[in-house]
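Source file start38.pdb; content: PDB, C-alpha atoms and all ligand atoms.
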MODEL        1
ATOM      1  CA  MET A1076      53.842 -13.765 -26.860  1.00  0.00           C
ATOM      2  CA  LEU A1077      56.222 -11.537 -24.947  1.00  0.00           C
ATOM      3  CA  ALA A1078      55.081  -8.137 -23.754  1.00  0.00           C
ATOM      4  CA  PRO A1079      57.602  -5.557 -24.971  1.00  0.00           C
ATOM      5  CA  LYS A1080      56.876  -3.016 -22.229  1.00  0.00           C
ATOM      6  CA  PRO A1081      55.874  -3.416 -18.609  1.00  0.00           C
ATOM      7  CA  ARG A1082      52.191  -2.969 -17.867  1.00  0.00           C
ATOM      8  CA  VAL A1083      50.651  -2.513 -14.467  1.00  0.00           C
ATOM      9  CA  ILE A1084      47.175  -3.893 -13.795  1.00  0.00           C
ATOM     10  CA  VAL A1085      45.524  -2.811 -10.573  1.00  0.00           C
ATOM     11  CA  LEU A1086      42.480  -4.706  -9.293  1.00  0.00           C
ATOM     12  CA  ALA A1087      40.322  -2.317  -7.345  1.00  0.00           C
ATOM     13  CA  ALA A1088      36.815  -2.031  -5.974  1.00  0.00           C
ATOM     14  CA  SER A1089      35.540  -0.247  -2.934  1.00  0.00           C
ATOM     15  CA  LYS A1090      33.396  -3.297  -2.179  1.00  0.00           C
ATOM     16  CA  GLY A1091      34.866  -6.427  -0.567  1.00  0.00           C
ATOM     17  CA  GLY A1092      34.177  -9.853  -2.030  1.00  0.00           C
ATOM     18  CA  SER A1093      33.797  -8.646  -5.614  1.00  0.00           C
ATOM     19  CA  GLY A1094      36.551 -10.995  -6.797  1.00  0.00           C
ATOM     20  CA  LYS A1095      39.715  -8.871  -6.810  1.00  0.00           C
ATOM     21  CA  THR A1096      42.003 -11.464  -5.251  1.00  0.00           C
ATOM     22  CA  SER A1097      40.591 -14.427  -7.210  1.00  0.00           C
ATOM     23  CA  LEU A1098      40.809 -12.511 -10.454  1.00  0.00           C
ATOM     24  CA  THR A1099      44.342 -11.289  -9.715  1.00  0.00           C
ATOM     25  CA  ALA A1100      45.456 -14.909  -9.258  1.00  0.00           C
ATOM     26  CA  SER A1101      43.637 -16.187 -12.371  1.00  0.00           C
ATOM     27  CA  LEU A1102      44.866 -13.376 -14.616  1.00  0.00           C
ATOM     28  CA  ALA A1103      48.467 -13.569 -13.377  1.00  0.00           C
ATOM     29  CA  VAL A1104      48.605 -17.331 -13.987  1.00  0.00           C
ATOM     30  CA  ARG A1105      47.015 -16.814 -17.403  1.00  0.00           C
ATOM     31  CA  ALA A1106      49.569 -14.078 -18.264  1.00  0.00           C
ATOM     32  CA  MET A1107      52.410 -16.504 -17.437  1.00  0.00           C
ATOM     33  CA  LYS A1108      51.064 -18.886 -20.067  1.00  0.00           C
ATOM     34  CA  ASP A1109      52.067 -16.289 -22.690  1.00  0.00           C
ATOM     35  CA  GLY A1110      55.661 -16.761 -21.553  1.00  0.00           C
ATOM     36  CA  ALA A1111      55.751 -13.341 -19.911  1.00  0.00           C
ATOM     37  CA  ARG A1112      57.520 -12.450 -16.665  1.00  0.00           C
ATOM     38  CA  VAL A1113      54.741 -11.792 -14.178  1.00  0.00           C
ATOM     39  CA  ALA A1114      54.906 -10.199 -10.723  1.00  0.00           C
ATOM     40  CA  LEU A1115      52.346  -9.738  -7.976  1.00  0.00           C
ATOM     41  CA  VAL A1116      52.016  -7.058  -5.331  1.00  0.00           C
ATOM     42  CA  ASP A1117      49.709  -7.839  -2.422  1.00  0.00           C
ATOM     43  CA  ALA A1118      48.697  -4.413  -1.144  1.00  0.00           C
ATOM     44  CA  GLU A1119      45.935  -5.849   1.009  1.00  0.00           C
ATOM     45  CA  PRO A1120      46.508  -6.181   4.791  1.00  0.00           C
ATOM     46  CA  GLN A1121      44.668  -9.520   5.073  1.00  0.00           C
ATOM     47  CA  LYS A1122      47.228 -10.940   2.634  1.00  0.00           C
ATOM     48  CA  SER A1123      44.844 -13.354   0.901  1.00  0.00           C
ATOM     49  CA  LEU A1124      46.865 -13.274  -2.321  1.00  0.00           C
ATOM     50  CA  THR A1125      50.046 -14.001  -0.354  1.00  0.00           C
ATOM     51  CA  LEU A1126      48.355 -16.994   1.280  1.00  0.00           C
ATOM     52  CA  TRP A1127      47.281 -18.292  -2.139  1.00  0.00           C
ATOM     53  CA  TRP A1128      50.827 -17.763  -3.424  1.00  0.00           C
ATOM     54  CA  SER A1129      52.344 -19.702  -0.493  1.00  0.00           C
ATOM     55  CA  LEU A1130      49.930 -22.586  -1.046  1.00  0.00           C
ATOM     56  CA  ARG A1131      50.759 -22.628  -4.741  1.00  0.00           C
ATOM     57  CA  GLY A1132      54.494 -23.109  -4.310  1.00  0.00           C
ATOM     58  CA  LYS A1133      56.610 -23.788  -7.392  1.00  0.00           C
ATOM     59  CA  PRO A1134      56.685 -24.046 -10.381  1.00  0.00           C
ATOM     60  CA  GLY A1135      54.276 -21.897 -12.422  1.00  0.00           C
ATOM     61  CA  ASN A1136      53.948 -19.246  -9.760  1.00  0.00           C
ATOM     62  CA  PRO A1137      54.326 -15.538 -10.494  1.00  0.00           C
ATOM     63  CA  PHE A1138      56.967 -13.629  -8.547  1.00  0.00           C
ATOM     64  CA  LEU A1139      55.580 -12.146  -5.314  1.00  0.00           C
ATOM     65  CA  HIS A1140      57.100  -8.769  -4.480  1.00  0.00           C
ATOM     66  CA  ALA A1141      57.209  -7.721  -0.827  1.00  0.00           C
ATOM     67  CA  TYR A1142      54.793  -4.800  -0.535  1.00  0.00           C
ATOM     68  CA  SER A1143      56.623  -1.650   0.595  1.00  0.00           C
ATOM     69  CA  GLY A1144      53.510   0.323   1.468  1.00  0.00           C
ATOM     70  CA  ASP A1145      53.800   2.363  -1.721  1.00  0.00           C
ATOM     71  CA  PRO A1146      52.376   0.725  -4.874  1.00  0.00           C
ATOM     72  CA  VAL A1147      54.015   3.302  -7.165  1.00  0.00           C
ATOM     73  CA  GLU A1148      57.463   2.529  -5.744  1.00  0.00           C
ATOM     74  CA  ASP A1149      56.837  -1.220  -5.992  1.00  0.00           C
ATOM     75  CA  ALA A1150      55.623  -1.024  -9.595  1.00  0.00           C
ATOM     76  CA  ASP A1151      58.700   1.027 -10.565  1.00  0.00           C
ATOM     77  CA  ALA A1152      61.027  -1.464  -8.872  1.00  0.00           C
ATOM     78  CA  LEU A1153      59.403  -4.398 -10.683  1.00  0.00           C
ATOM     79  CA  LYS A1154      59.533  -2.575 -14.020  1.00  0.00           C
ATOM     80  CA  ALA A1155      63.264  -1.977 -13.482  1.00  0.00           C
ATOM     81  CA  GLU A1156      63.683  -5.701 -12.783  1.00  0.00           C
ATOM     82  CA  GLY A1157      62.179  -6.522 -16.178  1.00  0.00           C
ATOM     83  CA  TYR A1158      58.748  -7.805 -15.198  1.00  0.00           C
ATOM     84  CA  GLN A1159      56.315  -7.432 -18.076  1.00  0.00           C
ATOM     85  CA  TRP A1160      53.038  -7.786 -16.252  1.00  0.00           C
ATOM     86  CA  ILE A1161      52.624  -6.440 -12.758  1.00  0.00           C
ATOM     87  CA  PHE A1162      49.378  -7.176 -10.914  1.00  0.00           C
ATOM     88  CA  ILE A1163      48.470  -5.230  -7.787  1.00  0.00           C
ATOM     89  CA  ASP A1164      45.704  -6.531  -5.520  1.00  0.00           C
ATOM     90  CA  THR A1165      44.193  -3.904  -3.242  1.00  0.00           C
ATOM     91  CA  VAL A1166      42.207  -3.476  -0.074  1.00  0.00           C
ATOM     92  CA  PRO A1167      38.420  -3.169  -0.260  1.00  0.00           C
ATOM     93  CA  ALA A1168      38.169   0.121   1.546  1.00  0.00           C
ATOM     94  CA  MET A1169      37.596   3.783   1.259  1.00  0.00           C
ATOM     95  CA  VAL A1170      38.995   4.832  -2.081  1.00  0.00           C
ATOM     96  CA  GLU A1171      41.541   7.129  -0.413  1.00  0.00           C
ATOM     97  CA  HIS A1172      43.461   3.992   0.555  1.00  0.00           C
ATOM     98  CA  ILE A1173      43.779   2.778  -3.001  1.00  0.00           C
ATOM     99  CA  GLU A1174      44.521   6.130  -4.606  1.00  0.00           C
ATOM    100  CA  ARG A1175      48.264   5.437  -4.763  1.00  0.00           C
ATOM    101  CA  ALA A1176      47.646   2.031  -6.377  1.00  0.00           C
ATOM    102  CA  ILE A1177      45.429   3.688  -8.977  1.00  0.00           C
ATOM    103  CA  GLU A1178      48.267   6.133  -9.678  1.00  0.00           C
ATOM    104  CA  ALA A1179      50.602   3.169 -10.292  1.00  0.00           C
ATOM    105  CA  ALA A1180      48.211   1.575 -12.804  1.00  0.00           C
ATOM    106  CA  ASP A1181      48.284   1.452 -16.577  1.00  0.00           C
ATOM    107  CA  LEU A1182      44.841  -0.118 -16.360  1.00  0.00           C
ATOM    108  CA  VAL A1183      42.485  -0.454 -13.408  1.00  0.00           C
ATOM    109  CA  ILE A1184      40.212  -3.501 -13.419  1.00  0.00           C
ATOM    110  CA  ILE A1185      37.084  -3.168 -11.321  1.00  0.00           C
ATOM    111  CA  PRO A1186      35.472  -6.556 -10.627  1.00  0.00           C
ATOM    112  CA  THR A1187      31.787  -6.070  -9.921  1.00  0.00           C
ATOM    113  CA  ARG A1188      29.041  -8.455  -8.917  1.00  0.00           C
ATOM    114  CA  VAL A1189      25.466  -8.166 -10.110  1.00  0.00           C
ATOM    115  CA  SER A1190      24.325  -6.496  -6.915  1.00  0.00           C
ATOM    116  CA  ALA A1191      23.061  -3.029  -6.178  1.00  0.00           C
ATOM    117  CA  PHE A1192      25.745  -2.593  -3.496  1.00  0.00           C
ATOM    118  CA  ASP A1193      28.549  -3.441  -5.911  1.00  0.00           C
ATOM    119  CA  LEU A1194      27.129  -1.241  -8.618  1.00  0.00           C
ATOM    120  CA  VAL A1195      26.880   1.755  -6.325  1.00  0.00           C
ATOM    121  CA  ALA A1196      30.373   1.125  -4.914  1.00  0.00           C
ATOM    122  CA  ALA A1197      31.811   0.995  -8.457  1.00  0.00           C
ATOM    123  CA  ARG A1198      31.206   4.719  -8.883  1.00  0.00           C
ATOM    124  CA  ALA A1199      33.734   5.711  -6.223  1.00  0.00           C
ATOM    125  CA  VAL A1200      36.621   3.901  -7.919  1.00  0.00           C
ATOM    126  CA  VAL A1201      35.603   5.318 -11.295  1.00  0.00           C
ATOM    127  CA  GLY A1202      35.762   8.817  -9.824  1.00  0.00           C
ATOM    128  CA  PHE A1203      39.347   8.264  -8.718  1.00  0.00           C
ATOM    129  CA  CYS A1204      40.382   6.738 -12.048  1.00  0.00           C
ATOM    130  CA  LYS A1205      38.978   9.742 -13.869  1.00  0.00           C
ATOM    131  CA  LEU A1206      40.681  12.144 -11.473  1.00  0.00           C
ATOM    132  CA  HIS A1207      44.049  10.521 -12.239  1.00  0.00           C
ATOM    133  CA  GLY A1208      43.327  10.004 -15.945  1.00  0.00           C
ATOM    134  CA  GLU A1209      43.787   6.227 -15.520  1.00  0.00           C
ATOM    135  CA  PRO A1210      42.066   3.898 -17.978  1.00  0.00           C
ATOM    136  CA  PHE A1211      39.748   1.407 -16.303  1.00  0.00           C
ATOM    137  CA  ALA A1212      37.327  -1.368 -17.181  1.00  0.00           C
ATOM    138  CA  PHE A1213      34.691  -3.354 -15.332  1.00  0.00           C
ATOM    139  CA  VAL A1214      34.639  -7.134 -15.205  1.00  0.00           C
ATOM    140  CA  LEU A1215      31.293  -8.562 -14.205  1.00  0.00           C
ATOM    141  CA  ASN A1216      32.066 -11.425 -11.817  1.00  0.00           C
ATOM    142  CA  ALA A1217      30.227 -14.400 -10.357  1.00  0.00           C
ATOM    143  CA  THR A1218      27.241 -14.069 -12.670  1.00  0.00           C
ATOM    144  CA  ASP A1219      24.372 -16.534 -12.641  1.00  0.00           C
ATOM    145  CA  PRO A1220      23.272 -17.093 -16.260  1.00  0.00           C
ATOM    146  CA  LYS A1221      19.771 -17.910 -14.982  1.00  0.00           C
ATOM    147  CA  TRP A1222      19.387 -14.237 -14.015  1.00  0.00           C
ATOM    148  CA  LYS A1223      19.705 -12.791 -17.519  1.00  0.00           C
ATOM    149  CA  LYS A1224      17.785  -9.628 -16.693  1.00  0.00           C
ATOM    150  CA  GLY A1225      20.027  -8.817 -13.743  1.00  0.00           C
ATOM    151  CA  ILE A1226      23.164  -9.274 -15.836  1.00  0.00           C
ATOM    152  CA  GLN A1227      21.782  -7.170 -18.675  1.00  0.00           C
ATOM    153  CA  SER A1228      20.762  -4.297 -16.444  1.00  0.00           C
ATOM    154  CA  ALA A1229      24.095  -4.403 -14.563  1.00  0.00           C
ATOM    155  CA  ILE A1230      25.988  -4.193 -17.865  1.00  0.00           C
ATOM    156  CA  ALA A1231      23.764  -1.338 -19.051  1.00  0.00           C
ATOM    157  CA  MET A1232      24.368   0.559 -15.828  1.00  0.00           C
ATOM    158  CA  LEU A1233      28.135  -0.016 -15.842  1.00  0.00           C
ATOM    159  CA  LYS A1234      28.411   1.013 -19.501  1.00  0.00           C
ATOM    160  CA  LYS A1235      27.189   4.460 -18.515  1.00  0.00           C
ATOM    161  CA  LEU A1236      30.215   4.734 -16.221  1.00  0.00           C
ATOM    162  CA  GLY A1237      32.868   3.253 -18.511  1.00  0.00           C
ATOM    163  CA  PRO A1238      34.039   0.247 -20.548  1.00  0.00           C
ATOM    164  CA  VAL A1239      32.827  -3.227 -19.582  1.00  0.00           C
ATOM    165  CA  VAL A1240      34.900  -6.273 -20.559  1.00  0.00           C
ATOM    166  CA  PRO A1241      32.554  -8.122 -22.951  1.00  0.00           C
ATOM    167  CA  LYS A1242      33.036 -11.558 -21.357  1.00  0.00           C
ATOM    168  CA  SER A1243      31.607 -11.959 -17.853  1.00  0.00           C
ATOM    169  CA  ILE A1244      32.892 -14.480 -15.331  1.00  0.00           C
ATOM    170  CA  ARG A1245      30.310 -16.937 -14.118  1.00  0.00           C
ATOM    171  CA  HIS A1246      29.713 -18.046 -10.583  1.00  0.00           C
ATOM    172  CA  ARG A1247      31.610 -21.347 -10.384  1.00  0.00           C
ATOM    173  CA  THR A1248      32.560 -23.258  -7.270  1.00  0.00           C
ATOM    174  CA  VAL A1249      35.908 -24.097  -8.877  1.00  0.00           C
ATOM    175  CA  TYR A1250      37.005 -20.479  -8.479  1.00  0.00           C
ATOM    176  CA  ALA A1251      36.502 -20.713  -4.726  1.00  0.00           C
ATOM    177  CA  SER A1252      37.791 -24.270  -4.252  1.00  0.00           C
ATOM    178  CA  ALA A1253      40.886 -23.891  -6.435  1.00  0.00           C
ATOM    179  CA  ILE A1254      42.070 -20.802  -4.555  1.00  0.00           C
ATOM    180  CA  THR A1255      42.215 -22.705  -1.275  1.00  0.00           C
ATOM    181  CA  ALA A1256      44.559 -25.212  -2.952  1.00  0.00           C
ATOM    182  CA  GLY A1257      46.860 -22.558  -4.430  1.00  0.00           C
ATOM    183  CA  LYS A1258      45.333 -23.036  -7.889  1.00  0.00           C
ATOM    184  CA  THR A1259      43.048 -20.974 -10.100  1.00  0.00           C
ATOM    185  CA  GLY A1260      39.640 -21.871 -11.567  1.00  0.00           C
ATOM    186  CA  PRO A1261      41.062 -23.012 -14.922  1.00  0.00           C
ATOM    187  CA  GLU A1262      43.420 -25.399 -13.080  1.00  0.00           C
ATOM    188  CA  ALA A1263      40.688 -27.075 -11.021  1.00  0.00           C
ATOM    189  CA  ARG A1264      40.219 -30.874 -10.968  1.00  0.00           C
ATOM    190  CA  ASP A1265      36.630 -30.680 -12.220  1.00  0.00           C
ATOM    191  CA  THR A1266      37.621 -30.676 -15.889  1.00  0.00           C
ATOM    192  CA  LYS A1267      34.284 -29.435 -17.267  1.00  0.00           C
ATOM    193  CA  GLU A1268      34.119 -26.450 -14.944  1.00  0.00           C
ATOM    194  CA  ALA A1269      37.869 -25.851 -15.338  1.00  0.00           C
ATOM    195  CA  LYS A1270      37.370 -25.648 -19.114  1.00  0.00           C
ATOM    196  CA  GLY A1271      34.519 -23.159 -18.660  1.00  0.00           C
ATOM    197  CA  ALA A1272      36.711 -21.093 -16.344  1.00  0.00           C
ATOM    198  CA  ALA A1273      39.671 -21.284 -18.733  1.00  0.00           C
ATOM    199  CA  ASP A1274      37.535 -20.056 -21.620  1.00  0.00           C
ATOM    200  CA  GLU A1275      36.185 -17.057 -19.736  1.00  0.00           C
ATOM    201  CA  ILE A1276      39.477 -16.120 -18.045  1.00  0.00           C
ATOM    202  CA  GLY A1277      41.158 -16.430 -21.457  1.00  0.00           C
ATOM    203  CA  ALA A1278      38.608 -14.128 -23.086  1.00  0.00           C
ATOM    204  CA  VAL A1279      38.807 -11.579 -20.257  1.00  0.00           C
ATOM    205  CA  TRP A1280      42.606 -11.693 -20.406  1.00  0.00           C
ATOM    206  CA  THR A1281      42.635 -11.050 -24.176  1.00  0.00           C
ATOM    207  CA  THR A1282      40.559  -7.884 -23.669  1.00  0.00           C
ATOM    208  CA  ILE A1283      42.649  -6.704 -20.709  1.00  0.00           C
ATOM    209  CA  ARG A1284      45.919  -7.372 -22.546  1.00  0.00           C
ATOM    210  CA  LYS A1285      44.766  -5.278 -25.494  1.00  0.00           C
ATOM    211  CA  MET A1286      43.446  -2.457 -23.314  1.00  0.00           C
ATOM    212  CA  ALA A1287      46.614  -2.311 -21.189  1.00  0.00           C
ATOM    213  CA  SER A1288      48.854  -2.337 -24.261  1.00  0.00           C
ATOM    214  CA  ALA A1289      46.840   0.470 -25.846  1.00  0.00           C
ATOM    215  CA  ALA A1290      47.030   2.440 -22.577  1.00  0.00           C
ATOM    216  CA  VAL A1291      50.828   2.086 -22.408  1.00  0.00           C
ATOM    217  CA  ARG A1292      51.196   3.083 -26.078  1.00  0.00           C
ATOM    218  CA  ALA A1293      49.082   6.184 -25.461  1.00  0.00           C
ATOM    219  CA  LYS A1294      51.326   7.381 -22.594  1.00  0.00           C
TER     220      LYS A1294
HETATM  221  N1  LIG A1301      33.396 -16.219 -10.132  1.00  0.00           N
HETATM  222  C1  LIG A1301      33.280 -16.703  -8.900  1.00  0.00           C
HETATM  223  N2  LIG A1301      32.540 -17.794  -8.650  1.00  0.00           N
HETATM  224  C2  LIG A1301      32.397 -18.298  -7.396  1.00  0.00           C
HETATM  225  N3  LIG A1301      33.003 -17.780  -6.321  1.00  0.00           N
HETATM  226  C3  LIG A1301      33.767 -16.689  -6.485  1.00  0.00           C
HETATM  227  C4  LIG A1301      33.948 -16.082  -7.774  1.00  0.00           C
HETATM  228  N4  LIG A1301      34.772 -15.008  -7.621  1.00  0.00           N
HETATM  229  C5  LIG A1301      35.074 -14.943  -6.305  1.00  0.00           C
HETATM  230  N5  LIG A1301      34.478 -15.945  -5.623  1.00  0.00           N
HETATM  231  C6  LIG A1301      34.541 -16.181  -4.162  1.00  0.00           C
HETATM  232  O1  LIG A1301      34.013 -15.015  -3.525  1.00  0.00           O
HETATM  233  C7  LIG A1301      34.773 -14.694  -2.374  1.00  0.00           C
HETATM  234  C8  LIG A1301      35.384 -13.300  -2.531  1.00  0.00           C
HETATM  235  O2  LIG A1301      36.316 -13.296  -3.598  1.00  0.00           O
HETATM  236  P1  LIG A1301      37.691 -12.523  -3.483  1.00  0.00           P
HETATM  237  O3  LIG A1301      38.457 -12.784  -4.732  1.00  0.00           O
HETATM  238  O4  LIG A1301      38.374 -12.835  -2.198  1.00  0.00           O
HETATM  239  O5  LIG A1301      37.153 -11.020  -3.472  1.00  0.00           O
HETATM  240  P2  LIG A1301      37.869  -9.673  -2.987  1.00  0.00           P
HETATM  241  O6  LIG A1301      39.336  -9.886  -3.118  1.00  0.00           O
HETATM  242  O7  LIG A1301      37.345  -8.635  -3.923  1.00  0.00           O
HETATM  243  O8  LIG A1301      37.433  -9.414  -1.585  1.00  0.00           O
HETATM  244  C9  LIG A1301      35.825 -15.776  -2.232  1.00  0.00           C
HETATM  245  O9  LIG A1301      35.349 -16.748  -1.353  1.00  0.00           O
HETATM  246  C10 LIG A1301      35.945 -16.341  -3.641  1.00  0.00           C
HETATM  247  O10 LIG A1301      36.361 -17.680  -3.637  1.00  0.00           O
HETATM  248 MG    MG A1302      40.810  -9.609  -1.722  1.00  0.00          MG
ENDMDL
END
Please go through the file and, once you have read it, give me the structure as structure tokens.
Amino acid sequence: MLAPKPRVIVLAASKGGSGKTSLTASLAVRAMKDGARVALVDAEPQKSLTLWWSLRGKPGNPFLHAYSGDPVEDADALKAEGYQWIFIDTVPAMVEHIERAIEAADLVIIPTRVSAFDLVAARAVVGFCKLHGEPFAFVLNATDPKWKKGIQSAIAMLKKLGPVVPKSIRHRTVYASAITAGKTGPEARDTKEAKGAADEIGAVWTTIRKMASAAVRAK
């Protein structure tokens, strides 16, 4: 299915290690499966997404745009070039540093782990999204299904702050191992875990696609 209008998804969280880069890669690869033109912007100084992209090589790799230092400018340039989905990965830092990326977004995705530190850090990004009137949603990442109570209370807490994507992403070694080979969880060699990853990334993508499309229509 082709996206008629460009949509910009920004992955943001003031906490490092919440899954921004992994999720950017998985979602971008998933978006390509719809036949859409997909571009990446790596606005993170450690350039983890760029490293993943280099390892991936061709084919089936989204276009990587050279980051100019201004996410708004980069998103506009990619829109003008006809990219339909633009993913921007950001630095885990003080929110001031990601404010411009949030401005560029049609939808901000905030990956969050089931940890008190992540949950507290989530508030800062939400504040900025609200300030700029940018739609956002949480994705609970790296969950351990054995800790049902933790997951439930994290979801309840996040729901007070804003929308939570209904499908959570489980903790799976394939997410970590695939990235180091330029792949994504759903493309991992371990077929059982890859299938589990594909199902959850697919479900998360369906929600994000709908939310981003609704956000663009509402503009
Ligand atoms: N769902 C997951 N299951 C297992 N490991 C994960 C998952 N998501 C992320 N990781 C691992 O956690 C670490 C941090 O993820 P990363 O995407 O780099 O986060 P961020 O970009 O927010 O700093 C990486 O080593 C990554 O492989
Ligand atoms: Mg990162």
Residue list as a PyMOL selection string for point (52.8, -6.9, -22.1), cut-off 12 Å, all atoms listed in the file: chain A and resi 1076-1084+1103+1106-1107+1109-1113+1154+1157-1162+1181-1182+1280-1281+1283-1292
Interatomic distance, atom CA of A:Lys1205 to atom CA of A:Gln1227 (Å, one decimal):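 Calculated distance between atom CA of A:Lys1205 and atom CA of A:Gln1227 is 24.6 Å.
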Set out as JSON lines a contact list for chain A and ligand LIG 1301 (chain A) with a cut-off of 8 Å, giving each residue of chain A that qualifies its closest atom pair and distance in Å to one decimal, counting all atoms listed in the file, ordered by chain and rising residue number.
{"residue": "A:Ala1087", "atom": "CA", "partner": "A:LIG1301", "partner_atom": "O7", "distance": 7.8}
{"residue": "A:Ala1088", "atom": "CA", "partner": "A:LIG1301", "partner_atom": "O7", "distance": 6.9}
{"residue": "A:Lys1090", "atom": "CA", "partner": "A:LIG1301", "partner_atom": "O7", "distance": 6.9}
{"residue": "A:Gly1091", "atom": "CA", "partner": "A:LIG1301", "partner_atom": "O8", "distance": 4.1}
{"residue": "A:Gly1092", "atom": "CA", "partner": "A:LIG1301", "partner_atom": "O8", "distance": 3.3}
{"residue": "A:Ser1093", "atom": "CA", "partner": "A:LIG1301", "partner_atom": "O7", "distance": 3.9}
{"residue": "A:Gly1094", "atom": "CA", "partner": "A:LIG1301", "partner_atom": "O3", "distance": 3.3}
{"residue": "A:Lys1095", "atom": "CA", "partner": "A:LIG1301", "partner_atom": "O7", "distance": 3.7}
{"residue": "A:Thr1096", "atom": "CA", "partner": "A:LIG1301", "partner_atom": "O6", "distance": 3.8}
{"residue": "A:Ser1097", "atom": "CA", "partner": "A:LIG1301", "partner_atom": "O3", "distance": 3.7}
{"residue": "A:Leu1098", "atom": "CA", "partner": "A:LIG1301", "partner_atom": "O3", "distance": 6.2}
{"residue": "A:Thr1099", "atom": "CA", "partner": "A:LIG1301", "partner_atom": "O3", "distance": 7.9}
{"residue": "A:Ser1123", "atom": "CA", "partner": "A:LIG1301", "partner_atom": "O4", "distance": 7.2}
{"residue": "A:Asp1164", "atom": "CA", "partner": "A:LIG1301", "partner_atom": "O6", "distance": 7.6}
{"residue": "A:Thr1165", "atom": "CA", "partner": "A:LIG1301", "partner_atom": "O6", "distance": 7.7}
{"residue": "A:Val1166", "atom": "CA", "partner": "A:LIG1301", "partner_atom": "O6", "distance": 7.7}
{"residue": "A:Pro1167", "atom": "CA", "partner": "A:LIG1301", "partner_atom": "O8", "distance": 6.5}
{"residue": "A:Pro1186", "atom": "CA", "partner": "A:LIG1301", "partner_atom": "O7", "distance": 7.3}
{"residue": "A:Asn1216", "atom": "CA", "partner": "A:LIG1301", "partner_atom": "N1", "distance": 5.3}
{"residue": "A:Ala1217", "atom": "CA", "partner": "A:LIG1301", "partner_atom": "N1", "distance": 3.7}
{"residue": "A:Thr1218", "atom": "CA", "partner": "A:LIG1301", "partner_atom": "N1", "distance": 7.0}
{"residue": "A:Ile1244", "atom": "CA", "partner": "A:LIG1301", "partner_atom": "N1", "distance": 5.5}
{"residue": "A:Arg1245", "atom": "CA", "partner": "A:LIG1301", "partner_atom": "N1", "distance": 5.1}
{"residue": "A:His1246", "atom": "CA", "partner": "A:LIG1301", "partner_atom": "N2", "distance": 3.4}
{"residue": "A:Arg1247", "atom": "CA", "partner": "A:LIG1301", "partner_atom": "N2", "distance": 4.1}
{"residue": "A:Thr1248", "atom": "CA", "partner": "A:LIG1301", "partner_atom": "C2", "distance": 5.0}
{"residue": "A:Val1249", "atom": "CA", "partner": "A:LIG1301", "partner_atom": "C2", "distance": 6.9}
{"residue": "A:Tyr1250", "atom": "CA", "partner": "A:LIG1301", "partner_atom": "C2", "distance": 5.2}
{"residue": "A:Ala1251", "atom": "CA", "partner": "A:LIG1301", "partner_atom": "O10", "distance": 3.2}
{"residue": "A:Ser1252", "atom": "CA", "partner": "A:LIG1301", "partner_atom": "O10", "distance": 6.8}
{"residue": "A:Ile1254", "atom": "CA", "partner": "A:LIG1301", "partner_atom": "O10", "distance": 6.6}
Please, what is the axis-aligned box for every listed atom of stretch 1154-1171 of chain A with 8 Å on each side, as centre and edge lengths in Å to one decimal, as lines of an AutoDock Vina configuration file?
center_x = 50.6
center_y = -0.3
center_z = -8.3
size_x = 42.1
size_y = 30.9
size_z = 35.6
Residues selected by the PyMOL selection byres (((chain A and resi 1126-1132) around 10) and not hetatm), written as a short mmCIF file (atom, residue, chain, number, x, y, z; two decimals) with C-alpha atoms, keeping the file's coordinate frame:
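out21.cif, written as the output of this step:
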data_model
loop_
_atom_site.label_atom_id
_atom_site.label_comp_id
_atom_site.auth_asym_id
_atom_site.auth_seq_id
_atom_site.Cartn_x
_atom_site.Cartn_y
_atom_site.Cartn_z
CA THR A 1096 42.00 -11.46 -5.25
CA SER A 1097 40.59 -14.43 -7.21
CA ALA A 1100 45.46 -14.91 -9.26
CA LEU A 1115 52.35 -9.74 -7.98
CA ASP A 1117 49.71 -7.84 -2.42
CA GLN A 1121 44.67 -9.52 5.07
CA LYS A 1122 47.23 -10.94 2.63
CA SER A 1123 44.84 -13.35 0.90
CA LEU A 1124 46.86 -13.27 -2.32
CA THR A 1125 50.05 -14.00 -0.35
CA LYS A 1133 56.61 -23.79 -7.39
CA PRO A 1134 56.68 -24.05 -10.38
CA GLY A 1135 54.28 -21.90 -12.42
CA ASN A 1136 53.95 -19.25 -9.76
CA PRO A 1137 54.33 -15.54 -10.49
CA PHE A 1138 56.97 -13.63 -8.55
CA LEU A 1139 55.58 -12.15 -5.31
CA ALA A 1253 40.89 -23.89 -6.44
CA ILE A 1254 42.07 -20.80 -4.56
CA THR A 1255 42.22 -22.70 -1.27
CA ALA A 1256 44.56 -25.21 -2.95
CA GLY A 1257 46.86 -22.56 -4.43
CA LYS A 1258 45.33 -23.04 -7.89
CA THR A 1259 43.05 -20.97 -10.10
#
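Compared by their closest atoms to ligand MG 1302 (chain A), and using all atoms listed in the file, the residues A:Ile1163, A:Ala1269, A:Ala1150, A:Ala1191 rank with A:Ile1163 nearest.
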task: In the coordinates of the file, take the point (38.4, -15.3, -23.6) and a cut-off of 12 Å; then, counting only C-alpha atoms, name each qualifying protein, DNA or RNA residue as a list in words.
output: Leu1102, Arg1105, Val1240, Pro1241, Lys1242, Ser1243, Ile1244, Pro1261, Lys1270, Gly1271, Ala1272, Ala1273, Asp1274, Glu1275, Ile1276, Gly1277, Ala1278, Val1279, Trp1280, Thr1281, Thr1282, Ile1283 and Arg1284 of chain A
message: Here is a test: counting all atoms listed in the file, which residue of A:Ile1173, A:Pro1146, A:Leu1233, A:Pro1210 is nearest to A:Arg1188?
response: A:Leu1233
message: One decimal, in Å: what's the spacing between atom CA of A:Ser1101 and atom CA of A:Val1189?
response: 20.0 Å
field: atom CA of A:Ala1141 to atom CA of A:Met1169, distance in Å rounded to a single decimal
entry: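 About the pair atom CA of A:Ala1141 and atom CA of A:Met1169: they are 22.8 Å apart.
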